[in-house]
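Q: One file: run.txt (compact mmCIF, C-alpha atoms).
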```
# COMPACT_ATOMS: atom_id res chain seq x y z
CA MET A 1 -80.65 -69.52 -56.30
CA ASN A 2 -78.72 -66.25 -56.32
CA ARG A 3 -80.09 -63.64 -53.98
CA ILE A 4 -80.13 -59.86 -54.38
CA TYR A 5 -77.73 -58.00 -52.12
CA TYR A 6 -78.41 -54.39 -51.17
CA TYR A 7 -75.86 -51.84 -50.00
CA CYS A 8 -76.09 -48.24 -48.82
CA ILE A 9 -72.97 -46.04 -49.06
CA ALA A 10 -73.10 -42.31 -48.32
CA ASP A 11 -76.91 -42.67 -48.28
CA PHE A 12 -76.82 -43.99 -51.86
CA CYS A 13 -78.35 -47.46 -52.28
CA PHE A 14 -77.60 -50.05 -54.96
CA SER A 15 -78.09 -53.74 -55.57
CA VAL A 16 -75.98 -56.65 -56.82
CA SER A 17 -77.52 -59.83 -58.22
CA GLY A 18 -76.43 -62.90 -60.16
CA ILE A 19 -73.75 -64.03 -57.74
CA SER A 20 -73.87 -65.70 -54.35
CA GLY A 21 -71.59 -65.49 -51.34
CA LEU A 22 -71.05 -61.73 -51.37
CA ASP A 23 -70.76 -61.62 -47.59
CA TYR A 24 -67.63 -63.72 -48.06
CA LEU A 25 -66.37 -62.05 -51.23
CA LEU A 26 -66.92 -58.46 -50.02
CA PRO A 27 -66.08 -58.40 -46.29
CA SER A 28 -65.36 -54.65 -46.36
CA PHE A 29 -69.01 -54.08 -47.40
CA ALA A 30 -70.46 -55.69 -44.24
CA ALA A 31 -71.17 -52.40 -42.47
CA PHE A 32 -72.94 -51.10 -45.59
CA ARG A 33 -75.36 -54.01 -46.10
CA THR A 34 -79.02 -53.10 -45.93
CA ALA A 35 -82.10 -55.28 -45.98
CA CYS A 36 -83.72 -53.77 -49.06
CA CYS A 37 -84.07 -50.67 -51.17
CA ARG A 38 -87.06 -49.26 -53.03
CA GLU A 39 -86.44 -49.29 -56.75
CA LYS A 40 -87.02 -45.55 -57.18
CA GLU A 41 -84.37 -44.86 -54.53
CA ARG A 42 -81.79 -47.21 -56.04
CA LEU A 43 -78.71 -45.53 -57.50
CA PHE A 44 -77.95 -48.47 -59.80
CA ALA A 45 -78.45 -52.18 -60.20
CA VAL A 46 -75.57 -54.54 -60.96
CA HIS A 47 -76.32 -57.85 -62.67
CA VAL A 48 -73.51 -60.42 -62.80
CA LEU A 49 -73.84 -62.45 -66.01
CA PRO A 50 -71.99 -65.55 -67.27
CA ARG A 51 -70.74 -63.60 -70.26
CA LEU A 52 -70.97 -60.14 -71.78
CA PRO A 53 -71.08 -59.48 -75.53
CA GLU A 54 -67.95 -58.07 -77.10
CA PRO A 55 -67.76 -54.26 -77.26
CA ALA A 56 -69.83 -52.70 -80.04
CA ASP A 57 -67.97 -51.80 -83.22
CA ASN A 58 -68.52 -48.08 -82.64
CA MET A 59 -66.89 -48.12 -79.21
CA ALA A 60 -63.66 -46.13 -79.01
CA GLU A 61 -60.92 -46.45 -76.44
CA MET A 62 -61.18 -43.43 -74.11
CA ASP A 63 -58.64 -44.16 -71.41
CA VAL A 64 -56.17 -46.73 -70.09
CA SER A 65 -55.00 -46.44 -66.48
CA ASP A 66 -53.63 -48.51 -63.64
CA ASN A 67 -55.14 -49.24 -60.24
CA ASP A 68 -54.28 -51.60 -57.39
CA MET A 69 -55.84 -54.53 -59.23
CA GLY A 70 -54.25 -54.05 -62.64
CA GLN A 71 -54.96 -52.16 -65.84
CA VAL A 72 -58.33 -50.48 -66.40
CA ARG A 73 -59.37 -49.96 -70.03
CA LEU A 74 -62.34 -47.69 -70.76
CA LEU A 75 -64.24 -47.79 -74.05
CA GLY A 76 -67.31 -45.78 -74.91
CA ASN A 77 -69.84 -44.71 -77.49
CA PRO A 78 -72.71 -42.18 -77.30
CA ASP A 79 -74.92 -44.64 -75.40
CA SER A 80 -72.77 -46.75 -73.10
CA TYR A 81 -69.42 -47.64 -71.55
CA TYR A 82 -67.43 -50.87 -71.60
CA ILE A 83 -64.73 -51.32 -68.98
CA GLU A 84 -62.13 -54.07 -68.72
CA LEU A 85 -60.05 -54.81 -65.64
CA LYS A 86 -56.97 -56.80 -66.66
CA TYR A 87 -54.23 -58.46 -64.63
CA GLU A 88 -50.71 -59.36 -65.72
CA ASP A 89 -51.56 -63.07 -65.38
CA GLY A 90 -54.29 -62.77 -68.01
CA MET A 91 -57.34 -62.51 -65.75
CA VAL A 92 -59.99 -60.19 -67.23
CA HIS A 93 -63.19 -58.84 -65.65
CA ARG A 94 -65.66 -56.76 -67.66
CA MET A 95 -68.38 -54.23 -66.99
CA GLN A 96 -70.94 -52.70 -69.34
CA ALA A 97 -72.95 -49.65 -68.24
CA ASP A 98 -75.24 -47.03 -69.63
CA LYS A 99 -73.95 -43.44 -69.76
CA SER A 100 -75.38 -42.54 -66.34
CA PHE A 101 -74.23 -45.78 -64.67
CA THR A 102 -77.74 -46.77 -63.57
CA SER A 103 -77.90 -50.18 -65.30
CA ILE A 104 -74.74 -52.27 -65.10
CA GLN A 105 -73.83 -55.76 -66.30
CA VAL A 106 -70.68 -57.50 -65.11
CA GLN A 107 -68.75 -60.54 -66.31
CA LEU A 108 -66.38 -61.96 -63.69
CA CYS A 109 -63.51 -64.37 -64.14
CA ARG A 110 -64.75 -66.83 -61.49
CA GLN A 111 -61.47 -68.74 -61.16
CA ASP A 112 -59.65 -65.60 -60.06
CA ARG A 113 -58.38 -66.01 -56.50
CA TYR A 114 -58.81 -62.25 -56.12
CA LEU A 115 -62.42 -62.35 -57.28
CA GLY A 116 -63.73 -60.34 -54.32
CA GLU A 117 -61.14 -57.60 -54.76
CA ALA A 118 -61.92 -57.40 -58.48
CA LEU A 119 -65.66 -57.08 -57.87
CA SER A 120 -65.02 -54.44 -55.20
CA SER A 121 -62.90 -52.48 -57.67
CA ILE A 122 -65.61 -52.68 -60.33
CA LEU A 123 -68.25 -51.51 -57.85
CA ARG A 124 -66.03 -48.59 -56.84
CA ILE A 125 -65.69 -47.49 -60.46
CA ALA A 126 -69.46 -47.70 -61.04
CA PHE A 127 -70.35 -46.01 -57.76
CA SER A 128 -67.89 -43.13 -58.22
CA GLN A 129 -69.45 -42.26 -61.58
CA ALA A 130 -73.09 -42.85 -60.68
CA ILE A 131 -73.05 -40.48 -57.70
CA LEU A 132 -71.81 -37.53 -59.75
CA SER A 133 -75.30 -36.85 -61.12
CA TYR A 134 -76.59 -36.54 -57.54
CA GLY A 135 -73.94 -34.23 -56.13
CA GLY A 136 -71.69 -36.92 -54.72
CA ILE A 137 -67.92 -37.14 -55.15
CA SER A 138 -65.61 -40.07 -54.53
CA VAL A 139 -62.29 -38.52 -53.58
CA HIS A 140 -58.83 -40.09 -53.36
CA ALA A 141 -57.81 -39.05 -49.85
CA SER A 142 -57.21 -40.05 -46.28
CA ALA A 143 -59.89 -38.78 -43.92
CA VAL A 144 -59.35 -38.07 -40.21
CA THR A 145 -62.12 -37.00 -37.84
CA ARG A 146 -61.48 -34.69 -34.91
CA MET A 147 -64.01 -32.86 -32.76
CA ASP A 148 -67.00 -33.74 -34.97
CA SER A 149 -65.30 -32.56 -38.18
CA THR A 150 -63.37 -34.57 -40.75
CA TYR A 151 -60.37 -33.33 -42.70
CA LEU A 152 -59.22 -34.72 -46.05
CA PHE A 153 -55.55 -35.20 -46.92
CA MET A 154 -55.11 -35.42 -50.68
CA GLY A 155 -52.19 -35.83 -53.06
CA LYS A 156 -50.59 -38.03 -55.65
CA SER A 157 -49.81 -41.62 -54.71
CA GLY A 158 -46.70 -41.69 -52.57
CA THR A 159 -46.99 -38.14 -51.24
CA GLY A 160 -47.76 -39.33 -47.72
CA LYS A 161 -51.55 -39.17 -47.25
CA SER A 162 -51.60 -42.16 -44.90
CA THR A 163 -48.46 -40.92 -43.14
CA HIS A 164 -50.00 -37.50 -42.51
CA ALA A 165 -53.21 -39.15 -41.27
CA SER A 166 -51.12 -41.20 -38.83
CA LEU A 167 -49.41 -38.02 -37.63
CA TRP A 168 -52.81 -36.53 -36.79
CA LEU A 169 -53.83 -39.69 -34.94
CA ASN A 170 -50.64 -39.53 -32.88
CA CYS A 171 -50.79 -35.77 -32.25
CA PHE A 172 -54.45 -35.54 -31.33
CA PRO A 173 -55.78 -38.32 -29.05
CA ASP A 174 -59.38 -37.31 -29.81
CA SER A 175 -58.97 -38.02 -33.54
CA GLU A 176 -59.86 -41.17 -35.48
CA LEU A 177 -59.42 -42.46 -39.01
CA LEU A 178 -62.65 -42.43 -41.04
CA ASN A 179 -61.20 -43.80 -44.29
CA ASP A 180 -57.73 -44.10 -45.80
CA ASP A 181 -58.36 -44.03 -49.54
CA ASN A 182 -61.85 -43.28 -50.90
CA PRO A 183 -64.17 -41.27 -48.67
CA ILE A 184 -67.34 -39.82 -50.22
CA ILE A 185 -68.34 -36.13 -50.20
CA ARG A 186 -71.90 -34.78 -50.34
CA ILE A 187 -73.33 -31.28 -49.83
CA GLN A 188 -76.70 -31.10 -48.11
CA LYS A 189 -78.44 -27.86 -47.15
CA GLN A 190 -75.23 -25.88 -47.81
CA THR A 191 -73.22 -28.09 -45.46
CA ALA A 192 -70.51 -30.42 -46.73
CA TYR A 193 -70.36 -33.92 -45.28
CA VAL A 194 -67.89 -36.76 -45.68
CA TYR A 195 -68.76 -40.44 -45.44
CA GLY A 196 -66.77 -43.58 -44.91
CA SER A 197 -66.81 -46.25 -47.62
CA PRO A 198 -65.88 -49.92 -48.18
CA TRP A 199 -62.84 -48.78 -50.17
CA SER A 200 -59.94 -47.85 -47.91
CA GLY A 201 -56.80 -48.90 -49.77
CA LYS A 202 -54.45 -51.08 -47.77
CA THR A 203 -55.85 -49.88 -44.43
CA PRO A 204 -58.84 -51.89 -43.15
CA CYS A 205 -61.05 -48.97 -42.12
CA TYR A 206 -64.63 -49.46 -43.35
CA LYS A 207 -66.88 -47.21 -41.28
CA ASN A 208 -70.47 -46.48 -42.22
CA LYS A 209 -70.38 -43.00 -40.67
CA ARG A 210 -71.07 -39.41 -41.71
CA THR A 211 -69.45 -36.28 -40.29
CA ARG A 212 -69.18 -32.64 -41.26
CA LEU A 213 -66.34 -31.91 -43.68
CA GLY A 214 -64.08 -29.39 -41.97
CA GLY A 215 -61.58 -28.85 -44.79
CA ALA A 216 -59.33 -30.41 -47.40
CA VAL A 217 -55.62 -30.05 -48.04
CA ARG A 218 -53.32 -31.22 -50.83
CA LEU A 219 -49.99 -32.50 -49.52
CA VAL A 220 -46.73 -31.59 -51.24
CA GLN A 221 -43.44 -33.03 -50.00
CA ALA A 222 -41.05 -30.21 -49.11
CA LYS A 223 -38.20 -29.22 -46.81
CA GLU A 224 -40.49 -27.08 -44.67
CA ASN A 225 -43.96 -27.19 -43.14
CA ARG A 226 -46.16 -24.41 -44.50
CA PHE A 227 -49.90 -24.17 -45.09
CA MET A 228 -51.15 -22.04 -47.99
CA LEU A 229 -54.87 -21.29 -48.07
CA GLN A 230 -56.37 -21.60 -51.55
CA GLU A 231 -59.40 -19.64 -52.71
CA SER A 232 -61.67 -19.39 -55.74
CA GLU A 233 -60.18 -21.07 -58.85
CA ASN A 234 -57.04 -22.09 -56.95
CA ALA A 235 -59.16 -24.05 -54.47
CA PHE A 236 -61.02 -25.68 -57.38
CA ILE A 237 -57.76 -26.67 -59.08
CA THR A 238 -56.41 -28.03 -55.79
CA LEU A 239 -59.34 -30.43 -55.32
CA LEU A 240 -60.05 -31.47 -58.91
CA PRO A 241 -57.19 -34.00 -59.47
CA GLY A 242 -58.29 -36.09 -56.50
CA CYS A 243 -61.90 -36.48 -57.64
CA SER A 244 -63.08 -39.51 -59.58
CA ALA A 245 -64.80 -38.71 -62.89
CA ILE A 246 -64.59 -39.59 -66.55
CA HIS A 247 -63.28 -36.24 -67.73
CA LYS A 248 -64.16 -36.94 -71.35
CA ASP A 249 -67.81 -37.38 -70.38
CA ILE A 250 -69.13 -33.82 -70.57
CA VAL A 251 -72.27 -34.53 -68.55
CA LEU A 252 -70.55 -36.32 -65.65
CA TYR A 253 -67.63 -33.90 -65.65
CA ASN A 254 -69.96 -30.91 -65.51
CA HIS A 255 -71.76 -32.44 -62.54
CA LEU A 256 -68.41 -32.80 -60.79
CA CYS A 257 -67.42 -29.21 -61.54
CA ASN A 258 -70.72 -27.84 -60.30
CA THR A 259 -70.41 -29.76 -57.03
CA LEU A 260 -66.83 -28.60 -56.56
CA ILE A 261 -67.92 -24.98 -57.04
CA GLU A 262 -70.45 -25.48 -54.24
CA LEU A 263 -67.86 -27.24 -52.11
CA ILE A 264 -65.14 -24.59 -52.21
CA ALA A 265 -67.73 -22.04 -51.06
CA VAL A 266 -68.37 -23.89 -47.79
CA ILE A 267 -65.03 -25.45 -46.73
CA PRO A 268 -61.45 -24.20 -46.45
CA VAL A 269 -59.02 -25.67 -48.98
CA GLY A 270 -55.26 -25.54 -48.67
CA VAL A 271 -51.92 -26.78 -49.92
CA LEU A 272 -49.58 -28.08 -47.25
CA LEU A 273 -45.86 -28.10 -47.94
CA CYS A 274 -44.68 -30.68 -45.45
CA LYS A 275 -42.16 -33.09 -44.08
CA PRO A 276 -43.17 -36.46 -42.55
CA GLU A 277 -43.00 -35.18 -38.99
CA GLN A 278 -45.33 -34.20 -36.17
CA GLU A 279 -44.85 -30.49 -36.81
CA ALA A 280 -46.61 -30.90 -40.17
CA ALA A 281 -49.80 -32.12 -38.48
CA LEU A 282 -49.64 -29.31 -35.92
CA THR A 283 -49.18 -26.73 -38.69
CA CYS A 284 -52.10 -28.11 -40.69
CA GLU A 285 -54.46 -28.31 -37.71
CA ALA A 286 -53.60 -24.76 -36.59
CA ALA A 287 -54.25 -23.44 -40.11
CA PHE A 288 -57.65 -25.06 -40.32
CA LYS A 289 -58.51 -23.74 -36.86
CA ALA A 290 -57.50 -20.22 -37.97
CA THR A 291 -60.05 -20.34 -40.80
CA LEU A 292 -62.79 -20.53 -38.19
CA ALA A 293 -61.64 -17.40 -36.37
```
Would it be possible to restate this file's structure as structure tokens?

A:
Amino acid sequence: MNRIYYYCIADFCFSVSGISGLDYLLPSFAAFRTACCREKERLFAVHVLPRLPEPADNMAEMDVSDNDMGQVRLLGNPDSYYIELKYEDGMVHRMQADKSFTSIQVQLCRQDRYLGEALSSILRIAFSQAILSYGGISVHASAVTRMDSTYLFMGKSGTGKSTHASLWLNCFPDSELLNDDNPIIRIQKQTAYVYGSPWSGKTPCYKNKRTRLGGAVRLVQAKENRFMLQESENAFITLLPGCSAIHKDIVLYNHLCNTLIELIAVIPVGVLLCKPEQEAALTCEAAFKATLA
């Protein structure tokens, strides 16, 4: 008999049913397991089914993108979404969800040797969209905590987020890595917080912790180290590309924009021109410290 598994990430709870052995399949979720969750407090429920129906005839392709697992294809109609995760070797996993990502059905390719990774990827997609309606944001960034505050290092893949996080860890002995790929942001009582998550890229860092968000910076490779503080619409534009949302979904996208407007009012946001050297971390830390003066 398949049990129901409950998880709590960034104080958002959800359940997964219809599949056994999740402790084995999702080892990065261990710190986020919880005994139960009241239905009215549950963000969404995932039901793993033997098979999903084919996409409805009125579903249109909205986006095709790549992630670490393969190609993600998004289809939608006014009532629901249909998402396919495809590999080069022909493996296909599917997810069907309502527009608010509260009720989710999943079809998994059980013979896939990367079954756990595929399910984790599907849960990340669902979670990142579901939290938008409640003021949460899943952000593509490395997160380093120092002196009770966490700083986010954002940028396109390959710009050195993990490298810059490592520079901070080496420069400041009192710092620690919170997450290296997908931390979660929430604003509560006009204070921004950042949470660890079970999704941390290639770095095994899965901490169920919350700290105050001290600031965020977008990294740009350059021949110098220079921090440029961003304000108002520039701060908004700096953060937006790193936030997970279906931009063609007006409701979800508006939720994201509203949360970002709140966020840039309570944290410093910058762009860091940088080289992969210790001086870049020192420049960034000094700039954030100056915003508190």

Q: Select, from A:Ser120, A:Ser244, A:Gln278, A:Ser65, the residue with the minimum atom-to-atom distance to Leu169 (chain A), counting all atoms listed in the file.

A: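 Selected residue with least distance to Leu169 (chain A): A:Gln278.
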
Q: Compare A:Lys202, A:Lys207, A:His93, A:Arg218 by their minimum atom-to-atom distance to Ala141 (chain A), counting only C-alpha atoms, and give me the closest one.

A: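 Closest candidate: A:Arg218.
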
Q: For CA of Lys189 (chain A) and CA of Glu41 (chain A), quote the distance in Å rounded to one decimal.

A: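 Distance between the two atoms: 19.5 Å.
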
Q: By how many Å are CA of Tyr24 (chain A) and CA of Pro50 (chain A) apart?

A: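 For CA of Tyr24 (chain A) relative to CA of Pro50 (chain A), the distance reads 19.8 Å.
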
Q: Closest to Val139 (chain A) among A:Ile237, A:Val220, A:Ile250, A:Met154, using all atoms listed in the file?

A: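 The answer is A:Met154, which sits nearest to Val139 (chain A).
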
Q: Is it possible to produce a file of region 136-254 of chain A from this structure, with C-alpha atoms, as a PDB file, in the first residue's frame?

A:
```
ATOM      1  CA  GLY A 136       6.963  33.054  -2.163  1.00  0.00           C
ATOM      2  CA  ILE A 137       9.679  33.093  -4.812  1.00  0.00           C
ATOM      3  CA  SER A 138      11.985  30.296  -5.914  1.00  0.00           C
ATOM      4  CA  VAL A 139      15.138  32.033  -7.088  1.00  0.00           C
ATOM      5  CA  HIS A 140      18.062  30.681  -9.114  1.00  0.00           C
ATOM      6  CA  ALA A 141      20.981  31.684  -6.896  1.00  0.00           C
ATOM      7  CA  SER A 142      23.675  30.621  -4.496  1.00  0.00           C
ATOM      8  CA  ALA A 143      22.955  31.650  -0.919  1.00  0.00           C
ATOM      9  CA  VAL A 144      25.622  32.283   1.732  1.00  0.00           C
ATOM     10  CA  THR A 145      24.844  33.102   5.352  1.00  0.00           C
ATOM     11  CA  ARG A 146      27.063  35.364   7.427  1.00  0.00           C
ATOM     12  CA  MET A 147      26.320  36.961  10.789  1.00  0.00           C
ATOM     13  CA  ASP A 148      22.633  35.951  10.804  1.00  0.00           C
ATOM     14  CA  SER A 149      21.975  37.332   7.302  1.00  0.00           C
ATOM     15  CA  THR A 150      21.998  35.526   3.972  1.00  0.00           C
ATOM     16  CA  TYR A 151      23.139  37.012   0.674  1.00  0.00           C
ATOM     17  CA  LEU A 152      22.046  35.805  -2.755  1.00  0.00           C
ATOM     18  CA  PHE A 153      24.434  35.587  -5.712  1.00  0.00           C
ATOM     19  CA  MET A 154      22.485  35.501  -8.964  1.00  0.00           C
ATOM     20  CA  GLY A 155      23.354  35.357 -12.648  1.00  0.00           C
ATOM     21  CA  LYS A 156      23.115  33.341 -15.814  1.00  0.00           C
ATOM     22  CA  SER A 157      24.417  29.778 -15.771  1.00  0.00           C
ATOM     23  CA  GLY A 158      28.194  29.848 -15.970  1.00  0.00           C
ATOM     24  CA  THR A 159      28.660  33.333 -14.523  1.00  0.00           C
ATOM     25  CA  GLY A 160      30.236  31.993 -11.345  1.00  0.00           C
ATOM     26  CA  LYS A 161      27.530  31.892  -8.656  1.00  0.00           C
ATOM     27  CA  SER A 162      29.026  28.843  -6.953  1.00  0.00           C
ATOM     28  CA  THR A 163      32.540  30.230  -7.397  1.00  0.00           C
ATOM     29  CA  HIS A 164      31.593  33.518  -5.750  1.00  0.00           C
ATOM     30  CA  ALA A 165      29.862  31.635  -2.916  1.00  0.00           C
ATOM     31  CA  SER A 166      33.079  29.654  -2.389  1.00  0.00           C
ATOM     32  CA  LEU A 167      35.064  32.897  -2.278  1.00  0.00           C
ATOM     33  CA  TRP A 168      32.835  34.137   0.543  1.00  0.00           C
ATOM     34  CA  LEU A 169      33.261  30.868   2.435  1.00  0.00           C
ATOM     35  CA  ASN A 170      37.040  31.173   2.127  1.00  0.00           C
ATOM     36  CA  CYS A 171      37.180  34.893   2.963  1.00  0.00           C
ATOM     37  CA  PHE A 172      34.842  34.857   5.933  1.00  0.00           C
ATOM     38  CA  PRO A 173      35.277  31.938   8.364  1.00  0.00           C
ATOM     39  CA  ASP A 174      31.927  32.733  10.017  1.00  0.00           C
ATOM     40  CA  SER A 175      30.002  32.156   6.779  1.00  0.00           C
ATOM     41  CA  GLU A 176      28.218  29.017   5.584  1.00  0.00           C
ATOM     42  CA  LEU A 177      26.446  27.865   2.445  1.00  0.00           C
ATOM     43  CA  LEU A 178      22.655  27.740   2.807  1.00  0.00           C
ATOM     44  CA  ASN A 179      21.856  26.567  -0.724  1.00  0.00           C
ATOM     45  CA  ASP A 180      23.686  26.538  -4.051  1.00  0.00           C
ATOM     46  CA  ASP A 181      20.899  26.673  -6.626  1.00  0.00           C
ATOM     47  CA  ASN A 182      17.284  27.237  -5.528  1.00  0.00           C
ATOM     48  CA  PRO A 183      16.749  29.027  -2.225  1.00  0.00           C
ATOM     49  CA  ILE A 184      13.249  30.311  -1.434  1.00  0.00           C
ATOM     50  CA  ILE A 185      12.341  33.921  -0.575  1.00  0.00           C
ATOM     51  CA  ARG A 186       9.397  35.046   1.558  1.00  0.00           C
ATOM     52  CA  ILE A 187       8.460  38.427   3.057  1.00  0.00           C
ATOM     53  CA  GLN A 188       6.838  38.340   6.478  1.00  0.00           C
ATOM     54  CA  LYS A 189       5.946  41.438   8.502  1.00  0.00           C
ATOM     55  CA  GLN A 190       8.010  43.634   6.151  1.00  0.00           C
ATOM     56  CA  THR A 191      11.115  41.497   6.643  1.00  0.00           C
ATOM     57  CA  ALA A 192      12.558  39.378   3.841  1.00  0.00           C
ATOM     58  CA  TYR A 193      13.678  35.855   4.684  1.00  0.00           C
ATOM     59  CA  VAL A 194      15.484  33.199   2.678  1.00  0.00           C
ATOM     60  CA  TYR A 195      15.061  29.458   3.169  1.00  0.00           C
ATOM     61  CA  GLY A 196      17.068  26.439   2.180  1.00  0.00           C
ATOM     62  CA  SER A 197      15.468  23.855  -0.106  1.00  0.00           C
ATOM     63  CA  PRO A 198      15.982  20.271  -1.339  1.00  0.00           C
ATOM     64  CA  TRP A 199      17.133  21.662  -4.694  1.00  0.00           C
ATOM     65  CA  SER A 200      20.774  22.714  -4.618  1.00  0.00           C
ATOM     66  CA  GLY A 201      22.157  21.922  -8.059  1.00  0.00           C
ATOM     67  CA  LYS A 202      25.312  19.841  -8.044  1.00  0.00           C
ATOM     68  CA  THR A 203      26.209  20.853  -4.481  1.00  0.00           C
ATOM     69  CA  PRO A 204      24.691  18.616  -1.776  1.00  0.00           C
ATOM     70  CA  CYS A 205      23.473  21.354   0.568  1.00  0.00           C
ATOM     71  CA  TYR A 206      19.913  20.667   1.745  1.00  0.00           C
ATOM     72  CA  LYS A 207      19.319  22.707   4.889  1.00  0.00           C
ATOM     73  CA  ASN A 208      15.886  23.236   6.383  1.00  0.00           C
ATOM     74  CA  LYS A 209      16.778  26.665   7.771  1.00  0.00           C
ATOM     75  CA  ARG A 210      15.482  30.232   7.595  1.00  0.00           C
ATOM     76  CA  THR A 211      17.530  33.420   7.931  1.00  0.00           C
ATOM     77  CA  ARG A 212      17.029  37.093   7.221  1.00  0.00           C
ATOM     78  CA  LEU A 213      17.767  38.070   3.624  1.00  0.00           C
ATOM     79  CA  GLY A 214      20.520  40.681   3.755  1.00  0.00           C
ATOM     80  CA  GLY A 215      20.754  41.463   0.041  1.00  0.00           C
ATOM     81  CA  ALA A 216      20.990  40.133  -3.495  1.00  0.00           C
ATOM     82  CA  VAL A 217      23.520  40.750  -6.228  1.00  0.00           C
ATOM     83  CA  ARG A 218      23.674  39.818  -9.909  1.00  0.00           C
ATOM     84  CA  LEU A 219      27.147  38.715 -10.985  1.00  0.00           C
ATOM     85  CA  VAL A 220      28.644  39.878 -14.270  1.00  0.00           C
ATOM     86  CA  GLN A 221      32.050  38.620 -15.386  1.00  0.00           C
ATOM     87  CA  ALA A 222      34.391  41.561 -15.963  1.00  0.00           C
ATOM     88  CA  LYS A 223      38.012  42.674 -15.811  1.00  0.00           C
ATOM     89  CA  GLU A 224      37.443  44.597 -12.591  1.00  0.00           C
ATOM     90  CA  ASN A 225      35.639  44.218  -9.280  1.00  0.00           C
ATOM     91  CA  ARG A 226      32.976  46.885  -8.836  1.00  0.00           C
ATOM     92  CA  PHE A 227      29.645  46.896  -7.011  1.00  0.00           C
ATOM     93  CA  MET A 228      26.819  49.025  -8.411  1.00  0.00           C
ATOM     94  CA  LEU A 229      23.802  49.542  -6.166  1.00  0.00           C
ATOM     95  CA  GLN A 230      20.495  49.233  -8.020  1.00  0.00           C
ATOM     96  CA  GLU A 231      17.330  51.029  -6.969  1.00  0.00           C
ATOM     97  CA  SER A 232      13.672  51.216  -7.974  1.00  0.00           C
ATOM     98  CA  GLU A 233      13.005  49.733 -11.437  1.00  0.00           C
ATOM     99  CA  ASN A 234      16.686  48.857 -11.914  1.00  0.00           C
ATOM    100  CA  ALA A 235      16.588  46.692  -8.781  1.00  0.00           C
ATOM    101  CA  PHE A 236      13.395  45.036 -10.054  1.00  0.00           C
ATOM    102  CA  ILE A 237      14.960  44.307 -13.451  1.00  0.00           C
ATOM    103  CA  THR A 238      18.087  42.944 -11.759  1.00  0.00           C
ATOM    104  CA  LEU A 239      16.140  40.348  -9.755  1.00  0.00           C
ATOM    105  CA  LEU A 240      13.417  39.363 -12.223  1.00  0.00           C
ATOM    106  CA  PRO A 241      15.418  37.046 -14.561  1.00  0.00           C
ATOM    107  CA  GLY A 242      16.435  34.804 -11.674  1.00  0.00           C
ATOM    108  CA  CYS A 243      12.900  34.208 -10.404  1.00  0.00           C
ATOM    109  CA  SER A 244      10.883  31.170 -11.414  1.00  0.00           C
ATOM    110  CA  ALA A 245       7.475  31.957 -12.932  1.00  0.00           C
ATOM    111  CA  ILE A 246       5.430  31.192 -16.010  1.00  0.00           C
ATOM    112  CA  HIS A 247       5.632  34.659 -17.526  1.00  0.00           C
ATOM    113  CA  LYS A 248       2.741  34.009 -19.901  1.00  0.00           C
ATOM    114  CA  ASP A 249       0.466  33.302 -16.941  1.00  0.00           C
ATOM    115  CA  ILE A 250      -0.809  36.778 -16.067  1.00  0.00           C
ATOM    116  CA  VAL A 251      -2.034  35.805 -12.596  1.00  0.00           C
ATOM    117  CA  LEU A 252       1.157  34.042 -11.468  1.00  0.00           C
ATOM    118  CA  TYR A 253       3.385  36.645 -13.093  1.00  0.00           C
ATOM    119  CA  ASN A 254       1.530  39.481 -11.373  1.00  0.00           C
TER     120      ASN A 254
END
```
